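Take a look at the structure set out below.
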Amino acid sequence: MKKVFAILLACALAGSLAACGNGGATSTPTPTPTPGQSQEPQSPESSPPAADAQPSQSGKTLVVYYSATGSTEAVAGYIADALDADTFEITPAEPYTSEDLNWSNSDSRVSREHEDESLRVVELTAATVENWDEYDTVFIGYPIWWGAAAWPVDGFIAANDFTGKTVIPFCTSSSSGLGDSGELLAEQAGTGDWKEGQRFRSSVDQTDVVDWVNGLGGTK
Ligand SMILES: Cc1cc2nc3c(=O)[nH]c(=O)nc-3n(C[C@H](O)[C@H](O)[C@H](O)COP(=O)(O)O)c2cc1C
């Protein structure tokens, strides 16, 4: 009887060791998983960044911009070319003339709007984009006006839901930096994963813009 028990115990031990061996083999992460292959969960130290912390590689990219005198438009074009992205221009229903943009005249349109925030509600020819849901990365470009994002972009931000989108602000200016213009737009939007963004000088070279785009990593 003792002998039978000993044999049974030996079998049980052999069985559990074999099971442990199999578990170890299946939990070893595959070094280079191919798309669609499932991976075992990993410890926080060894895990890659959470999927939602990276701009998605799967959806489309849209470059939205407002440009009063063409500088931001040029940058938007460089970004779109580099990423093979679509573009959307924010156009005020009443475009700003060069007189309107004369900030050294205290009575010009921009000066009055700057003085009185209630005048900054700019009607746009279109504030929403066809097939918005298809885009998971959205660049938003604008000139800096008085240290902030030119306000014609506000109407676009208010009209759209950025949930699930990676949003990358960029601006052009004579000398001011991006400042907190991106953060303020993110606050206005209230949704979306807003990245830090980038300022370019008004006459920036295409190569500088493309270098920045290529350095974003993970952004499609
Ligand atoms: C009303 C107004 C305010 C501006 N304020 C600033 C400013 O505060 N700092 C700055 O560096 N440039 C300022 N600029 C210059 C523009 O930011 C710069 O020329 C920009 O590249 C213009 O872009 P756009 O051609 O796409 O309109 C201002 C321009 C205008 C018309």
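By order in the structure tokens, chains are A, B, ...; within a chain, residues start at 1; ligands start at 1, following the order shown.
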Contacts of ligand 1, 10 Å or closer, only C-alpha atoms and all ligand atoms, given as a PDB file with C-alpha atoms, in the first residue's frame:
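Generated file (part36.pdb):
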```pdb
ATOM      1  CA  TYR A  65      -4.788  75.690 -39.337  1.00  0.00           C
ATOM      2  CA  TYR A  66      -5.695  79.327 -39.317  1.00  0.00           C
ATOM      3  CA  SER A  67      -3.351  81.678 -41.141  1.00  0.00           C
ATOM      4  CA  ALA A  68      -3.922  85.380 -41.710  1.00  0.00           C
ATOM      5  CA  THR A  69      -0.864  86.101 -43.866  1.00  0.00           C
ATOM      6  CA  GLY A  70       0.364  82.707 -45.068  1.00  0.00           C
ATOM      7  CA  SER A  71       3.166  81.733 -42.659  1.00  0.00           C
ATOM      8  CA  THR A  72       1.180  79.192 -40.653  1.00  0.00           C
ATOM      9  CA  GLU A  73      -0.356  77.908 -43.860  1.00  0.00           C
ATOM     10  CA  ALA A  74       3.123  77.130 -45.208  1.00  0.00           C
ATOM     11  CA  VAL A  75       4.020  75.183 -42.049  1.00  0.00           C
ATOM     12  CA  ALA A  76       0.712  73.318 -42.202  1.00  0.00           C
ATOM     13  CA  TYR A  96      -8.932  89.881 -41.940  1.00  0.00           C
ATOM     14  CA  THR A  97      -7.576  92.483 -44.336  1.00  0.00           C
ATOM     15  CA  SER A  98      -4.115  93.949 -43.838  1.00  0.00           C
ATOM     16  CA  GLU A  99      -5.821  97.019 -42.344  1.00  0.00           C
ATOM     17  CA  ASP A 100      -7.711  94.757 -39.961  1.00  0.00           C
ATOM     18  CA  LEU A 101      -4.395  93.197 -38.905  1.00  0.00           C
ATOM     19  CA  ASN A 102      -2.616  96.481 -38.205  1.00  0.00           C
ATOM     20  CA  TRP A 103      -1.946  96.117 -34.506  1.00  0.00           C
ATOM     21  CA  SER A 104      -0.147  99.452 -34.365  1.00  0.00           C
ATOM     22  CA  SER A 108      -8.000  98.386 -36.228  1.00  0.00           C
ATOM     23  CA  ARG A 109     -10.181  95.279 -36.048  1.00  0.00           C
ATOM     24  CA  VAL A 110      -7.559  93.155 -34.221  1.00  0.00           C
ATOM     25  CA  SER A 111      -6.758  95.951 -31.797  1.00  0.00           C
ATOM     26  CA  GLU A 113     -10.898  92.639 -30.565  1.00  0.00           C
ATOM     27  CA  HIS A 114      -7.789  92.439 -28.441  1.00  0.00           C
ATOM     28  CA  GLY A 141      -1.824  75.587 -36.210  1.00  0.00           C
ATOM     29  CA  TYR A 142      -2.243  79.310 -35.651  1.00  0.00           C
ATOM     30  CA  PRO A 143      -0.308  82.583 -35.602  1.00  0.00           C
ATOM     31  CA  ILE A 144       0.531  84.115 -32.263  1.00  0.00           C
ATOM     32  CA  TRP A 145      -1.381  87.321 -31.605  1.00  0.00           C
ATOM     33  CA  TRP A 146      -0.386  89.263 -28.535  1.00  0.00           C
ATOM     34  CA  GLY A 147       1.328  86.203 -27.087  1.00  0.00           C
ATOM     35  CA  ALA A 148      -1.711  83.946 -27.542  1.00  0.00           C
ATOM     36  CA  ALA A 149      -3.317  81.766 -30.218  1.00  0.00           C
ATOM     37  CA  ALA A 150      -5.056  83.933 -32.826  1.00  0.00           C
ATOM     38  CA  CYS A 171       2.224  78.136 -34.214  1.00  0.00           C
ATOM     39  CA  THR A 172       4.206  80.730 -36.087  1.00  0.00           C
ATOM     40  CA  SER A 173       5.306  84.076 -34.696  1.00  0.00           C
ATOM     41  CA  SER A 174       7.854  86.826 -35.191  1.00  0.00           C
ATOM     42  CA  SER A 175       9.562  86.203 -31.886  1.00  0.00           C
ATOM     43  CA  SER A 176       7.168  84.995 -29.172  1.00  0.00           C
ATOM     44  CA  GLY A 177       7.233  81.384 -28.065  1.00  0.00           C
ATOM     45  CA  LEU A 178       4.325  78.936 -27.972  1.00  0.00           C
ATOM     46  CA  ARG A 199       6.518  77.257 -32.299  1.00  0.00           C
ATOM     47  CA  PHE A 200       8.161  78.125 -35.630  1.00  0.00           C
ATOM     48  CA  ARG A 201       9.416  81.474 -36.829  1.00  0.00           C
ATOM     49  CA  SER A 202       7.289  83.005 -39.566  1.00  0.00           C
ATOM     50  CA  SER A 203       9.694  82.126 -42.392  1.00  0.00           C
ATOM     51  CA  VAL A 204      10.815  78.744 -41.102  1.00  0.00           C
TER      52      VAL A 204
END
```
TODO: Could you please write out, as a list in words, every residue of range 107-143 of chain A that DSSP assigns to strand (DSSP E)?
DONE: Tyr135, Asp136, Thr137, Val138, Phe139, Ile140, Gly141, Tyr142 and Pro143 of chain A
TODO: Give the alpha helix (DSSP H) residues of range 48-185 of chain A, as DSSP finds them on the backbone, and put them as a ChimeraX atom specification.
DONE: /A:71-83,109-115,152-159,181-185
Open item on the list: I need the residue nearest Glu134 in chain A from this list: A:Asp208, A:Asp86, A:Asp81, A:Glu183. Use only C-alpha atoms for the distance.
Closed with: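 Checking each of A:Asp208, A:Asp86, A:Asp81, A:Glu183 against Glu134 in chain A, counting only C-alpha atoms, the winner is A:Asp86.
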- [ ] Go through A:Thr166, A:Thr91, A:Thr207, A:Gln198 one by one, measure the shortest atom-to-atom distance of each to Trp151 in chain A using only C-alpha atoms, and give the residue with the smallest value.
- [x]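 Ranked by minimum distance to Trp151 in chain A, first place goes to A:Thr91.
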Task: Close residues, Leu83 in chain A itself excluded, 10 Å, only C-alpha atoms, min 5 positions apart in chain, as a ChimeraX atom specification - done: /A:60-63,77-78,210,213-214,219-220
- [ ] Determine the nearest neighbour of Val153 in chain A from the options A:Glu123, A:Glu187, A:Glu117, A:Asp133, counting only C-alpha atoms.
- [x] A:Glu123
